[in-house]
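File shown: entry-v8.csv. Contents: CSV, C-alpha atoms.
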```
chain,number,residue,atom,x,y,z
B,1001,MET,CA,0.0,0.0,0.0
B,1002,ALA,CA,1.5,3.3,-1.0
B,1003,MET,CA,2.0,6.0,1.6
B,1004,ALA,CA,-0.6,8.2,0.1
B,1005,ASP,CA,-3.2,5.4,0.2
B,1006,GLU,CA,-2.5,4.4,3.8
B,1007,PRO,CA,-5.4,5.2,6.1
B,1008,LEU,CA,-5.2,8.5,8.0
B,1009,VAL,CA,-6.9,8.0,11.4
B,1010,LEU,CA,-7.3,10.0,14.5
B,1011,GLY,CA,-7.5,8.1,17.8
B,1012,ILE,CA,-8.9,9.2,21.2
B,1013,GLU,CA,-7.9,7.6,24.5
B,1014,THR,CA,-9.7,8.5,27.8
B,1015,SER,CA,-9.8,5.2,29.7
B,1016,CYS,CA,-8.2,6.7,32.8
B,1017,ASP,CA,-6.4,10.0,33.6
B,1018,GLU,CA,-4.8,10.7,30.3
B,1019,THR,CA,-6.6,12.6,27.5
B,1020,GLY,CA,-4.7,11.2,24.5
B,1021,VAL,CA,-5.2,12.2,20.8
B,1022,GLY,CA,-3.0,10.6,18.2
B,1023,ILE,CA,-3.0,10.7,14.4
B,1024,VAL,CA,-1.3,8.1,12.3
B,1025,ARG,CA,-1.1,7.4,8.6
B,1026,GLY,CA,-0.8,3.6,8.2
B,1027,THR,CA,2.0,2.8,10.7
B,1028,THR,CA,3.5,6.3,10.7
B,1029,LEU,CA,2.9,8.5,13.7
B,1030,LEU,CA,2.1,12.1,12.8
B,1031,ALA,CA,0.9,13.5,16.1
B,1032,ASP,CA,0.7,12.3,19.7
B,1033,ALA,CA,-0.9,14.9,21.9
B,1034,VAL,CA,-1.5,14.2,25.6
B,1035,ALA,CA,-3.1,16.1,28.4
B,1036,SER,CA,-2.7,14.5,31.8
B,1037,SER,CA,-4.5,15.1,35.0
B,1038,VAL,CA,-2.2,13.0,37.1
B,1039,ASP,CA,-1.0,15.9,39.2
B,1040,THR,CA,-4.5,16.6,40.2
B,1041,HIS,CA,-5.0,13.0,41.4
B,1042,ALA,CA,-1.6,12.9,43.2
B,1043,ARG,CA,-3.0,14.7,46.2
B,1044,PHE,CA,-5.6,11.9,46.6
B,1045,GLY,CA,-3.0,9.1,46.3
B,1046,GLY,CA,-4.8,7.6,43.2
B,1047,VAL,CA,-7.1,8.3,40.3
B,1048,VAL,CA,-10.5,9.8,41.3
B,1049,PRO,CA,-13.0,8.9,38.5
B,1050,GLU,CA,-15.1,12.0,38.7
B,1051,ILE,CA,-12.1,14.3,38.5
B,1052,ALA,CA,-10.7,12.3,35.6
B,1053,SER,CA,-14.0,12.7,33.7
B,1054,ARG,CA,-14.1,16.4,34.2
B,1055,ALA,CA,-10.5,16.8,33.1
B,1056,HIS,CA,-11.2,14.9,29.9
B,1057,LEU,CA,-14.2,17.2,29.2
B,1058,GLU,CA,-12.0,20.3,29.6
B,1059,ALA,CA,-9.0,18.9,27.6
B,1060,MET,CA,-10.8,17.1,24.7
B,1061,VAL,CA,-11.3,19.8,22.1
B,1062,PRO,CA,-8.0,21.6,22.7
B,1063,THR,CA,-6.1,18.3,22.6
B,1064,ILE,CA,-7.7,17.3,19.3
B,1065,GLU,CA,-7.0,20.7,17.8
B,1066,ARG,CA,-3.3,20.4,19.0
B,1067,ALA,CA,-3.0,17.0,17.4
B,1068,LEU,CA,-4.4,18.2,14.1
B,1069,LYS,CA,-2.1,21.2,14.1
B,1070,ASP,CA,1.0,19.0,14.9
B,1071,ALA,CA,0.1,16.6,12.1
B,1072,GLY,CA,-0.4,19.5,9.7
B,1073,ILE,CA,-3.8,18.2,8.5
B,1074,SER,CA,-7.5,19.2,8.6
B,1075,ALA,CA,-10.1,17.1,10.3
B,1076,ARG,CA,-11.7,16.7,6.9
B,1077,ASP,CA,-8.6,14.8,5.6
B,1078,LEU,CA,-9.2,11.9,8.0
B,1079,ASP,CA,-10.3,8.5,6.9
B,1080,GLY,CA,-11.7,7.5,10.3
B,1081,ILE,CA,-12.1,8.2,14.0
B,1082,ALA,CA,-11.0,5.6,16.5
B,1083,VAL,CA,-11.8,5.7,20.2
B,1084,THR,CA,-11.2,3.5,23.2
B,1085,ALA,CA,-14.5,1.9,24.0
B,1086,GLY,CA,-13.2,-0.1,27.0
B,1087,PRO,CA,-12.0,-1.3,29.4
B,1088,GLY,CA,-11.4,1.6,31.8
B,1089,LEU,CA,-13.3,4.1,34.0
B,1090,ALA,CA,-16.9,4.3,32.8
B,1091,GLY,CA,-17.3,8.0,33.1
B,1092,ALA,CA,-13.9,8.7,31.5
B,1093,LEU,CA,-14.6,6.4,28.6
B,1094,LEU,CA,-18.0,8.0,28.0
B,1095,VAL,CA,-16.3,11.4,27.4
B,1096,GLY,CA,-14.0,10.0,24.7
B,1097,VAL,CA,-16.7,7.9,23.1
B,1098,SER,CA,-19.1,10.9,23.0
B,1099,ALA,CA,-16.5,13.1,21.5
B,1100,ALA,CA,-15.5,10.6,18.8
B,1101,LYS,CA,-19.2,10.0,17.9
B,1102,ALA,CA,-19.7,13.8,17.6
B,1103,TYR,CA,-16.6,14.3,15.3
B,1104,ALA,CA,-17.4,11.2,13.2
B,1105,TYR,CA,-21.0,12.4,12.7
B,1106,ALA,CA,-20.0,16.0,12.0
B,1107,LEU,CA,-17.3,15.0,9.5
B,1108,GLY,CA,-19.1,12.1,7.9
B,1109,LYS,CA,-16.3,9.7,8.8
B,1110,PRO,CA,-16.4,6.1,9.9
B,1111,LEU,CA,-16.2,5.4,13.7
B,1112,TYR,CA,-14.2,2.6,15.2
B,1113,GLY,CA,-14.6,1.7,18.9
B,1114,VAL,CA,-11.5,-0.3,19.9
B,1115,ASN,CA,-10.1,-2.2,22.9
B,1116,HIS,CA,-7.7,-0.4,25.2
B,1117,LEU,CA,-5.5,-3.6,25.7
B,1118,ALA,CA,-5.4,-4.5,22.0
B,1119,SER,CA,-4.3,-0.8,21.3
B,1120,HIS,CA,-1.4,-1.2,23.7
B,1121,ILE,CA,-0.2,-4.1,21.5
B,1122,CYS,CA,-0.8,-2.4,18.2
B,1123,VAL,CA,1.1,0.8,19.1
B,1124,ASP,CA,4.4,-1.1,18.6
B,1125,GLN,CA,3.8,-1.0,14.9
B,1126,LEU,CA,4.5,2.7,15.0
B,1127,GLU,CA,8.0,2.0,16.2
B,1128,HIS,CA,9.0,-1.4,15.0
B,1129,GLY,CA,6.8,-2.0,11.9
B,1130,PRO,CA,4.0,-4.5,11.3
B,1131,LEU,CA,3.3,-6.9,14.1
B,1132,PRO,CA,4.3,-10.5,13.5
B,1133,GLU,CA,1.4,-12.9,13.4
B,1134,PRO,CA,0.8,-14.3,15.9
B,1135,THR,CA,2.1,-11.8,18.4
B,1136,MET,CA,2.8,-12.7,22.0
B,1137,ALA,CA,2.2,-9.7,24.2
B,1138,LEU,CA,2.9,-9.1,27.9
B,1139,LEU,CA,0.7,-6.1,29.0
B,1140,VAL,CA,1.5,-4.6,32.4
B,1141,SER,CA,-0.2,-1.5,33.8
B,1142,GLY,CA,-2.0,-0.2,36.8
B,1143,GLY,CA,-5.0,-2.4,36.2
B,1144,HIS,CA,-3.7,-5.2,34.0
B,1145,SER,CA,-1.0,-7.9,34.0
B,1146,SER,CA,-1.9,-10.0,31.0
B,1147,LEU,CA,-0.3,-12.5,28.7
B,1148,LEU,CA,-2.0,-12.4,25.3
B,1149,LEU,CA,-1.6,-14.3,22.0
B,1150,ALA,CA,-2.8,-12.3,19.0
B,1151,PRO,CA,-3.0,-14.1,15.7
B,1152,ASP,CA,-4.8,-11.0,14.3
B,1153,ILE,CA,-4.8,-7.8,16.4
B,1154,THR,CA,-8.0,-6.6,14.7
B,1155,ASN,CA,-10.2,-9.6,15.5
B,1156,ASP,CA,-8.4,-12.5,17.2
B,1157,VAL,CA,-6.8,-11.8,20.6
B,1158,ARG,CA,-6.5,-14.8,23.0
B,1159,PRO,CA,-5.9,-14.4,26.8
B,1160,LEU,CA,-3.4,-16.9,28.1
B,1161,GLY,CA,-3.1,-15.4,31.6
B,1162,ALA,CA,-4.0,-12.4,33.7
B,1163,THR,CA,-3.8,-11.0,37.2
B,1164,ILE,CA,-6.0,-12.6,39.8
B,1165,ASP,CA,-5.7,-9.7,42.3
B,1166,ASP,CA,-3.4,-6.7,42.3
B,1167,ALA,CA,-1.9,-5.9,38.9
B,1168,ALA,CA,1.8,-5.0,38.7
B,1169,GLY,CA,1.3,-1.2,38.4
B,1170,GLU,CA,-1.2,-1.2,41.3
B,1171,ALA,CA,1.4,-2.9,43.5
B,1172,PHE,CA,4.0,-0.3,42.5
B,1173,ASP,CA,1.6,2.5,43.6
B,1174,LYS,CA,0.7,0.8,46.9
B,1175,ILE,CA,4.3,0.1,47.9
B,1176,ALA,CA,5.2,3.7,47.0
B,1177,ARG,CA,2.4,4.9,49.2
B,1178,VAL,CA,3.7,2.7,52.1
B,1179,LEU,CA,7.1,4.3,51.6
B,1180,ASP,CA,5.6,7.8,51.4
B,1181,LEU,CA,7.0,8.3,47.9
B,1182,GLY,CA,3.8,9.8,46.4
B,1183,PHE,CA,1.7,8.9,43.3
B,1184,PRO,CA,2.3,7.5,40.8
B,1185,GLY,CA,4.7,5.0,42.3
B,1186,GLY,CA,6.2,3.3,39.3
B,1187,PRO,CA,8.7,6.0,38.1
B,1188,VAL,CA,10.0,6.9,41.6
B,1189,ILE,CA,10.5,3.2,42.6
B,1190,ASP,CA,12.3,2.6,39.3
B,1191,ARG,CA,14.6,5.6,40.0
B,1192,LEU,CA,15.3,4.6,43.6
B,1193,ALA,CA,15.8,0.9,42.7
B,1194,ARG,CA,18.8,1.8,40.5
B,1195,GLU,CA,20.7,2.8,43.7
B,1196,GLY,CA,19.5,-0.2,45.7
B,1197,ASP,CA,20.4,-3.9,46.0
B,1198,PRO,CA,17.8,-6.2,44.3
B,1199,LYS,CA,19.1,-9.1,46.4
B,1200,ALA,CA,19.0,-7.3,49.7
B,1201,ILE,CA,15.6,-8.7,50.7
B,1202,ALA,CA,14.1,-12.0,49.6
B,1203,PHE,CA,10.5,-11.0,48.8
B,1204,PRO,CA,8.2,-13.8,47.5
B,1205,ARG,CA,7.4,-14.6,43.8
B,1206,GLY,CA,3.7,-15.1,43.5
B,1207,LEU,CA,2.2,-18.1,41.5
B,1208,THR,CA,5.5,-19.6,40.5
B,1209,GLY,CA,5.1,-23.0,42.1
B,1210,SER,CA,4.9,-26.1,40.1
B,1211,ARG,CA,1.1,-26.5,40.7
B,1212,ASP,CA,0.3,-22.8,40.2
B,1213,PRO,CA,-1.3,-21.5,37.0
B,1214,ALA,CA,1.5,-21.2,34.4
B,1215,TYR,CA,0.5,-17.7,33.0
B,1216,ASP,CA,-1.6,-16.0,35.7
B,1217,PHE,CA,-0.2,-13.3,38.0
B,1218,SER,CA,-0.7,-12.4,41.6
B,1219,PHE,CA,1.1,-9.5,43.3
B,1220,SER,CA,-1.2,-9.1,46.4
B,1221,GLY,CA,0.9,-11.4,48.5
B,1222,LEU,CA,4.1,-9.6,47.5
B,1223,LYS,CA,2.5,-6.2,48.3
B,1224,THR,CA,1.5,-7.5,51.7
B,1225,SER,CA,4.9,-9.0,52.4
B,1226,VAL,CA,6.7,-5.8,51.5
B,1227,ALA,CA,4.3,-3.7,53.6
B,1228,ARG,CA,4.8,-6.0,56.7
B,1229,TRP,CA,8.6,-5.9,56.3
B,1230,ILE,CA,8.5,-2.1,56.3
B,1231,GLU,CA,6.1,-2.0,59.3
B,1232,ALA,CA,8.4,-4.3,61.2
B,1233,LYS,CA,11.4,-2.1,60.6
B,1234,ARG,CA,9.5,1.0,61.7
B,1235,ALA,CA,8.0,-0.8,64.8
B,1236,ALA,CA,11.6,-1.7,65.8
B,1237,GLY,CA,12.7,1.9,65.5
B,1238,GLU,CA,15.0,1.0,62.6
B,1239,GLU,CA,15.5,3.1,59.5
B,1240,VAL,CA,13.9,1.6,56.4
B,1241,PRO,CA,16.4,1.1,53.6
B,1242,VAL,CA,14.1,2.6,50.9
B,1243,ARG,CA,16.4,2.0,48.0
B,1244,ASP,CA,17.0,-1.7,48.9
B,1245,VAL,CA,13.3,-2.2,49.4
B,1246,ALA,CA,12.5,-0.6,46.1
B,1247,ALA,CA,15.1,-2.7,44.3
B,1248,SER,CA,14.1,-5.9,45.9
B,1249,PHE,CA,10.4,-5.3,45.4
B,1250,GLN,CA,10.9,-4.3,41.8
B,1251,GLU,CA,13.0,-7.4,41.1
B,1252,ALA,CA,10.3,-9.7,42.5
B,1253,VAL,CA,7.8,-8.2,40.1
B,1254,VAL,CA,9.9,-8.2,37.0
B,1255,ASP,CA,11.3,-11.6,37.7
B,1256,VAL,CA,7.8,-13.1,37.6
B,1257,LEU,CA,6.6,-11.1,34.6
B,1258,THR,CA,9.6,-12.0,32.4
B,1259,ARG,CA,9.8,-15.6,33.5
B,1260,LYS,CA,6.2,-16.3,32.6
B,1261,ALA,CA,6.3,-14.3,29.4
B,1262,VAL,CA,9.4,-16.3,28.1
B,1263,ARG,CA,7.7,-19.5,29.1
B,1264,ALA,CA,4.6,-18.6,27.2
B,1265,CYS,CA,6.7,-17.9,24.1
B,1266,LYS,CA,8.4,-21.3,24.3
B,1267,ASP,CA,5.2,-23.2,25.0
B,1268,GLU,CA,3.4,-21.5,22.1
B,1269,GLY,CA,6.3,-21.7,19.7
B,1270,VAL,CA,6.5,-17.9,19.2
B,1271,ASP,CA,9.9,-16.5,18.6
B,1272,HIS,CA,9.2,-12.9,19.7
B,1273,LEU,CA,7.7,-11.0,22.6
B,1274,MET,CA,6.0,-7.6,22.7
B,1275,ILE,CA,5.8,-5.8,26.1
B,1276,GLY,CA,3.3,-2.9,26.5
B,1277,GLY,CA,1.4,-0.9,29.1
B,1278,GLY,CA,2.6,1.7,31.5
B,1279,VAL,CA,4.9,-0.6,33.5
B,1280,ALA,CA,6.7,-1.4,30.3
B,1281,ALA,CA,8.4,1.9,30.8
B,1282,ASN,CA,10.2,0.4,33.8
B,1283,SER,CA,13.9,0.2,33.1
B,1284,ARG,CA,14.6,-3.0,35.0
B,1285,LEU,CA,11.7,-4.8,33.3
B,1286,ARG,CA,13.1,-3.9,30.0
B,1287,ALA,CA,16.7,-5.0,30.9
B,1288,LEU,CA,15.7,-8.3,32.4
B,1289,ALA,CA,13.3,-9.1,29.5
B,1290,GLU,CA,16.1,-8.3,27.0
B,1291,GLU,CA,18.5,-10.6,28.9
B,1292,ARG,CA,16.1,-13.5,29.2
B,1293,CYS,CA,14.8,-13.2,25.7
B,1294,ALA,CA,18.3,-13.1,24.2
B,1295,LYS,CA,19.1,-16.3,26.2
B,1296,ALA,CA,16.0,-18.0,24.9
B,1297,GLY,CA,16.4,-16.9,21.3
B,1298,ILE,CA,13.4,-14.7,21.4
B,1299,ARG,CA,13.2,-11.3,19.8
B,1300,LEU,CA,12.0,-8.5,22.1
B,1301,ARG,CA,9.8,-5.6,21.0
B,1302,VAL,CA,9.1,-2.8,23.4
B,1303,PRO,CA,7.9,0.7,22.3
B,1304,ARG,CA,9.7,3.7,23.7
B,1305,PRO,CA,8.3,4.7,27.2
B,1306,GLY,CA,6.1,7.5,25.8
B,1307,LEU,CA,4.2,5.0,23.7
B,1308,CYS,CA,3.9,2.5,26.6
B,1309,THR,CA,1.8,4.7,28.8
B,1310,ASP,CA,-1.8,5.6,27.8
B,1311,ASN,CA,-1.9,7.7,24.6
B,1312,GLY,CA,-4.1,8.4,21.6
B,1313,ALA,CA,-1.4,7.1,19.1
B,1314,MET,CA,-2.1,3.5,20.2
B,1315,VAL,CA,-5.8,3.9,19.5
B,1316,ALA,CA,-5.1,5.5,16.1
B,1317,ALA,CA,-2.7,2.7,15.3
B,1318,LEU,CA,-5.4,0.1,15.9
B,1319,GLY,CA,-8.0,2.2,14.1
B,1320,ALA,CA,-5.7,2.5,11.1
B,1321,GLU,CA,-5.3,-1.3,11.1
B,1322,MET,CA,-9.1,-1.7,11.2
B,1323,VAL,CA,-9.4,0.5,8.1
B,1324,ALA,CA,-6.6,-1.2,6.3
B,1325,ARG,CA,-8.1,-4.6,6.8
B,1326,ASN,CA,-11.7,-3.5,6.0
B,1327,ARG,CA,-13.1,-4.3,9.4
B,1328,PRO,CA,-16.7,-3.1,9.9
B,1329,ALA,CA,-17.0,0.3,11.4
B,1330,SER,CA,-19.0,0.9,14.6
B,1331,ASP,CA,-22.2,2.8,14.4
B,1332,LEU,CA,-23.3,5.9,16.3
B,1333,GLU,CA,-25.0,3.7,19.0
B,1334,LEU,CA,-21.5,2.7,20.2
B,1335,SER,CA,-21.4,2.8,24.0
B,1336,ALA,CA,-18.6,2.7,26.5
B,1337,ASP,CA,-18.0,-0.7,28.2
B,1338,SER,CA,-15.8,-0.5,31.2
B,1339,SER,CA,-15.5,-4.3,31.2
B,1340,LEU,CA,-14.9,-4.8,27.5
B,1341,PRO,CA,-13.0,-8.1,27.2
B,1342,VAL,CA,-9.7,-8.3,25.3
B,1343,THR,CA,-11.2,-11.0,23.1
B,1344,GLU,CA,-13.1,-8.1,21.5
B,1345,PRO,CA,-10.4,-5.9,19.8
B,1346,HIS,CA,-13.1,-3.7,18.4
B,1347,VAL,CA,-16.9,-3.1,18.6
B,1348,PRO,CA,-18.5,-3.4,15.2
B,1349,GLY,CA,-21.9,-1.7,15.2
B,1350,ALA,CA,-24.2,-1.7,18.2
B,1351,HIS,CA,-22.6,-3.8,20.9
B,1352,ALA,CA,-23.2,-7.4,20.0
B,1353,HIS,CA,-23.4,-9.0,23.5
B,1354,ASP,CA,-26.3,-7.2,25.1
B,1355,HIS,CA,-24.0,-4.5,26.5
B,1356,ASP,CA,-26.7,-1.9,26.1
B,1357,HIS,CA,-25.5,-0.2,29.3
B,1358,VAL,CA,-22.3,0.8,30.9
B,1359,HIS,CA,-21.1,-2.0,33.1
B,1360,GLU,CA,-20.3,-1.5,36.8
B,1361,ILE,CA,-16.6,-0.8,37.4
B,1362,SER,CA,-14.8,-3.8,38.8
B,1363,LYS,CA,-11.6,-3.7,40.8
B,1364,ASP,CA,-9.4,-5.0,38.0
B,1365,ASN,CA,-10.3,-2.3,35.5
B,1366,LEU,CA,-10.1,0.8,37.7
B,1367,TYR,CA,-6.8,1.7,36.2
B,1368,SER,CA,-5.8,0.8,32.7
```

For this file, produce the structure as structure tokens.
Amino acid sequence: MAMADEPLVLGIETSCDETGVGIVRGTTLLADAVASSVDTHARFGGVVPEIASRAHLEAMVPTIERALKDAGISARDLDGIAVTAGPGLAGALLVGVSAAKAYAYALGKPLYGVNHLASHICVDQLEHGPLPEPTMALLVSGGHSSLLLAPDITNDVRPLGATIDDAAGEAFDKIARVLDLGFPGGPVIDRLAREGDPKAIAFPRGLTGSRDPAYDFSFSGLKTSVARWIEAKRAAGEEVPVRDVAASFQEAVVDVLTRKAVRACKDEGVDHLMIGGGVAANSRLRALAEERCAKAGIRLRVPRPGLCTDNGAMVAALGAEMVARNRPASDLELSADSSLPVTEPHVPGAHAHDHDHVHEISKDNLYS
């Protein structure tokens, strides 16, 4: 497909606290505009859904206009509008879906409601070219720790394993809170861990026994173990070695993530691994994954950190792939679905599974 014929798609992402608008032409990124409300949430120690929704409302039009200007195009030039339909915070999703429907209707462009998790996989095309088929993906974020096999990112994504309690990013935030490091916890723990000893404290590795599920994840026990270790130190009047705690905790998380991901690749006969989601920006996860993949003869694909966190570019990337593969567009009855399963990479037409309302928010999809 010639560059001029590649689909030009705008993507809108509002599943949590980032208002992301991206524009891509095929697999080429033209604009990636993000307005974050994370600083507003920091004072509460976590994302407040109502505040996130209001922030999206305020940021939506200016962010879209900024993306169009950065890309040097008019909205009329677009071939389609893509938007995250789920999973995520219900109110936040509704803002993005409503905006996308309004723009699609006003411009007479096709609308594509896409899956947040599938978008995190597809964004890698913007940096490393077309995805291999099938693609093995490890997605790690505040609400998800998932191993996914995607023979076709537009209509065939298969979950191999997922978190059964606290996701990796959620555990980072909670341990940072115990250590009084603020919110979000991932970046600060990553930074402090570089100056600590990852072998200083033997924290547990969840679900790694011979009888445990091969691909599922659990970080609740680790979180509790770290918190109790810190509390014991404080109760004894001893100083908490923050850097060693950060390094040892982080090592326990990335050890499990990479071990299971490499195993999945071997078991499924896949010679490459893609890592995405906000926690994929973690420097130690990247380094250990590279080391273990190289040893196992597996090619590692990880987008740059700015494309790992929530952004509109990933939504636009999946939308462009939908257009390129002639997938059916969504209609204007598209609704947000906070529990949209990863097995539904996109929502063609009115939701096909009686999702005629926005589902209640479950613990596992509060943060995506």

Review point. With all atoms listed in the file as the basis for distance, which of B:Pro1130, B:Leu1010, B:Lys1199, B:Gly1046 is at the shortest distance from Lys1174 in chain B?
Key: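 Closest to Lys1174 in chain B, using all atoms listed in the file: B:Gly1046.
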
Per residue of range 1243-1281 of chain B within 10 Å of range 1308-1332 of chain B, which atom pair is closest and at what distance in Å (one decimal), using only C-alpha atoms, listed by chain and increasing number, as a Markdown table?
```
| residue | atom | partner | partner_atom | distance |
| --- | --- | --- | --- | --- |
| B:Ile1275 | CA | B:Cys1308 | CA | 8.5 |
| B:Gly1276 | CA | B:Cys1308 | CA | 5.4 |
| B:Gly1277 | CA | B:Cys1308 | CA | 4.9 |
| B:Gly1278 | CA | B:Thr1309 | CA | 4.1 |
| B:Val1279 | CA | B:Cys1308 | CA | 7.6 |
| B:Ala1280 | CA | B:Cys1308 | CA | 6.1 |
| B:Ala1281 | CA | B:Cys1308 | CA | 6.2 |
```

Check your understanding: What is the distance between CA of His1144 in chain B and CA of Thr1163 in chain B, in Å to one decimal?
Key ->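 The value is 6.6 Å.
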
**Study point:** All residues 7 Å or closer to range 1248-1256 of chain B, only C-alpha atoms, same chain fewer than 6 positions away omitted, as a PyMOL selection string
**Key:** chain B and resi 1168+1197-1201+1203-1205+1285

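Note that CA of Cys1122 in chain B and CA of Asp1039 in chain B are 27.9 Å apart.
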
With a distance cut-off of 9 Å and all atoms listed in the file, select the neighbouring residues of Ser1218 in chain B, excluding the residue or stretch itself and same-chain residues fewer than 6 positions from it, and output the selection as a compact mmCIF listing (two decimals) with C-alpha atoms, keeping the file's coordinate frame.
```
# COMPACT_ATOMS: atom_id res chain seq x y z
CA SER B 1145 -1.00 -7.90 34.00
CA ALA B 1162 -4.00 -12.40 33.70
CA THR B 1163 -3.80 -11.00 37.20
CA ILE B 1164 -6.00 -12.60 39.80
CA ASP B 1165 -5.70 -9.70 42.30
CA ASP B 1166 -3.40 -6.70 42.30
CA ALA B 1167 -1.90 -5.90 38.90
CA ALA B 1168 1.80 -5.00 38.70
CA ARG B 1205 7.40 -14.60 43.80
CA GLY B 1206 3.70 -15.10 43.50
CA LEU B 1207 2.20 -18.10 41.50
```

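Restricting the calculation to all atoms listed in the file, the smallest distance between Ala1214 in chain B and any of B:Gly1196, B:Gly1186, B:Gly1269, B:Gly1161 is found for B:Gly1161.
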
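Proximity ranking of B:Ala1118, B:Ala1033, B:Ala1227, B:Ala1246 relative to Asp1156 in chain B places B:Ala1118 first, based on all atoms listed in the file.
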
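Relative to CA of Pro1305 in chain B, CA of Gly1011 in chain B is found at 18.7 Å.
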
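Distances to Pro1049 in chain B were evaluated for B:Glu1018, B:Glu1127, B:Asp1244, B:Asp1077 using all atoms listed in the file, and the minimum falls at B:Glu1018.
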
Point to revise | Spatial neighbours of Leu1107 in chain B, max dist 10 Å, all atoms listed in the file, sep filter under 4 positions, as an MDAnalysis selection string | key: chainID B and resid 1075:1081 1101:1103

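Nearest residue to Asp1216 in chain B among B:Ile1064, B:Ala1261, B:Leu1288, B:Ile1153 is B:Ala1261, counting only C-alpha atoms.
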
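Among the candidate residues B:Val1083, B:Leu1181, B:Ala1137, B:Val1157, the one lying nearest to Met1274 in chain B is B:Ala1137, with distances computed using only C-alpha atoms.
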
Where atoms are missing, can you supply N, CA and C atoms for range 1214-1227 of chain B and output the lot as a PDB file, in the coordinates of the input?
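File written: part.pdb
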```
ATOM      1  N   ALA B1214       0.233 -21.486  35.080  1.00  0.00           N
ATOM      2  CA  ALA B1214       1.500 -21.200  34.400  1.00  0.00           C
ATOM      3  C   ALA B1214       1.594 -19.706  34.000  1.00  0.00           C
ATOM      4  N   TYR B1215       0.465 -19.077  33.609  1.00  0.00           N
ATOM      5  CA  TYR B1215       0.500 -17.700  33.000  1.00  0.00           C
ATOM      6  C   TYR B1215      -0.198 -16.664  33.822  1.00  0.00           C
ATOM      7  N   ASP B1216      -0.863 -17.035  34.905  1.00  0.00           N
ATOM      8  CA  ASP B1216      -1.600 -16.000  35.700  1.00  0.00           C
ATOM      9  C   ASP B1216      -0.600 -15.316  36.647  1.00  0.00           C
ATOM     10  N   PHE B1217      -1.017 -14.121  37.097  1.00  0.00           N
ATOM     11  CA  PHE B1217      -0.200 -13.300  38.000  1.00  0.00           C
ATOM     12  C   PHE B1217      -0.898 -12.949  39.250  1.00  0.00           C
ATOM     13  N   SER B1218      -0.131 -12.813  40.313  1.00  0.00           N
ATOM     14  CA  SER B1218      -0.700 -12.400  41.600  1.00  0.00           C
ATOM     15  C   SER B1218       0.418 -11.555  42.300  1.00  0.00           C
ATOM     16  N   PHE B1219       0.099 -10.304  42.626  1.00  0.00           N
ATOM     17  CA  PHE B1219       1.100  -9.500  43.300  1.00  0.00           C
ATOM     18  C   PHE B1219       0.537  -8.987  44.688  1.00  0.00           C
ATOM     19  N   SER B1220      -0.627  -9.490  45.082  1.00  0.00           N
ATOM     20  CA  SER B1220      -1.200  -9.100  46.400  1.00  0.00           C
ATOM     21  C   SER B1220      -0.336  -9.602  47.528  1.00  0.00           C
ATOM     22  N   GLY B1221       0.110 -10.865  47.439  1.00  0.00           N
ATOM     23  CA  GLY B1221       0.900 -11.400  48.500  1.00  0.00           C
ATOM     24  C   GLY B1221       2.278 -10.705  48.607  1.00  0.00           C
ATOM     25  N   LEU B1222       2.854 -10.357  47.474  1.00  0.00           N
ATOM     26  CA  LEU B1222       4.100  -9.600  47.500  1.00  0.00           C
ATOM     27  C   LEU B1222       3.910  -8.251  48.121  1.00  0.00           C
ATOM     28  N   LYS B1223       2.842  -7.567  47.731  1.00  0.00           N
ATOM     29  CA  LYS B1223       2.500  -6.200  48.300  1.00  0.00           C
ATOM     30  C   LYS B1223       2.418  -6.325  49.818  1.00  0.00           C
ATOM     31  N   THR B1224       1.709  -7.344  50.300  1.00  0.00           N
ATOM     32  CA  THR B1224       1.500  -7.500  51.700  1.00  0.00           C
ATOM     33  C   THR B1224       2.844  -7.817  52.439  1.00  0.00           C
ATOM     34  N   SER B1225       3.664  -8.664  51.818  1.00  0.00           N
ATOM     35  CA  SER B1225       4.900  -9.000  52.400  1.00  0.00           C
ATOM     36  C   SER B1225       5.853  -7.808  52.538  1.00  0.00           C
ATOM     37  N   VAL B1226       5.897  -6.979  51.497  1.00  0.00           N
ATOM     38  CA  VAL B1226       6.700  -5.800  51.500  1.00  0.00           C
ATOM     39  C   VAL B1226       6.232  -4.814  52.598  1.00  0.00           C
ATOM     40  N   ALA B1227       4.918  -4.606  52.640  1.00  0.00           N
ATOM     41  CA  ALA B1227       4.300  -3.700  53.600  1.00  0.00           C
ATOM     42  C   ALA B1227       4.630  -4.137  55.046  1.00  0.00           C
TER      43      ALA B1227
END
```
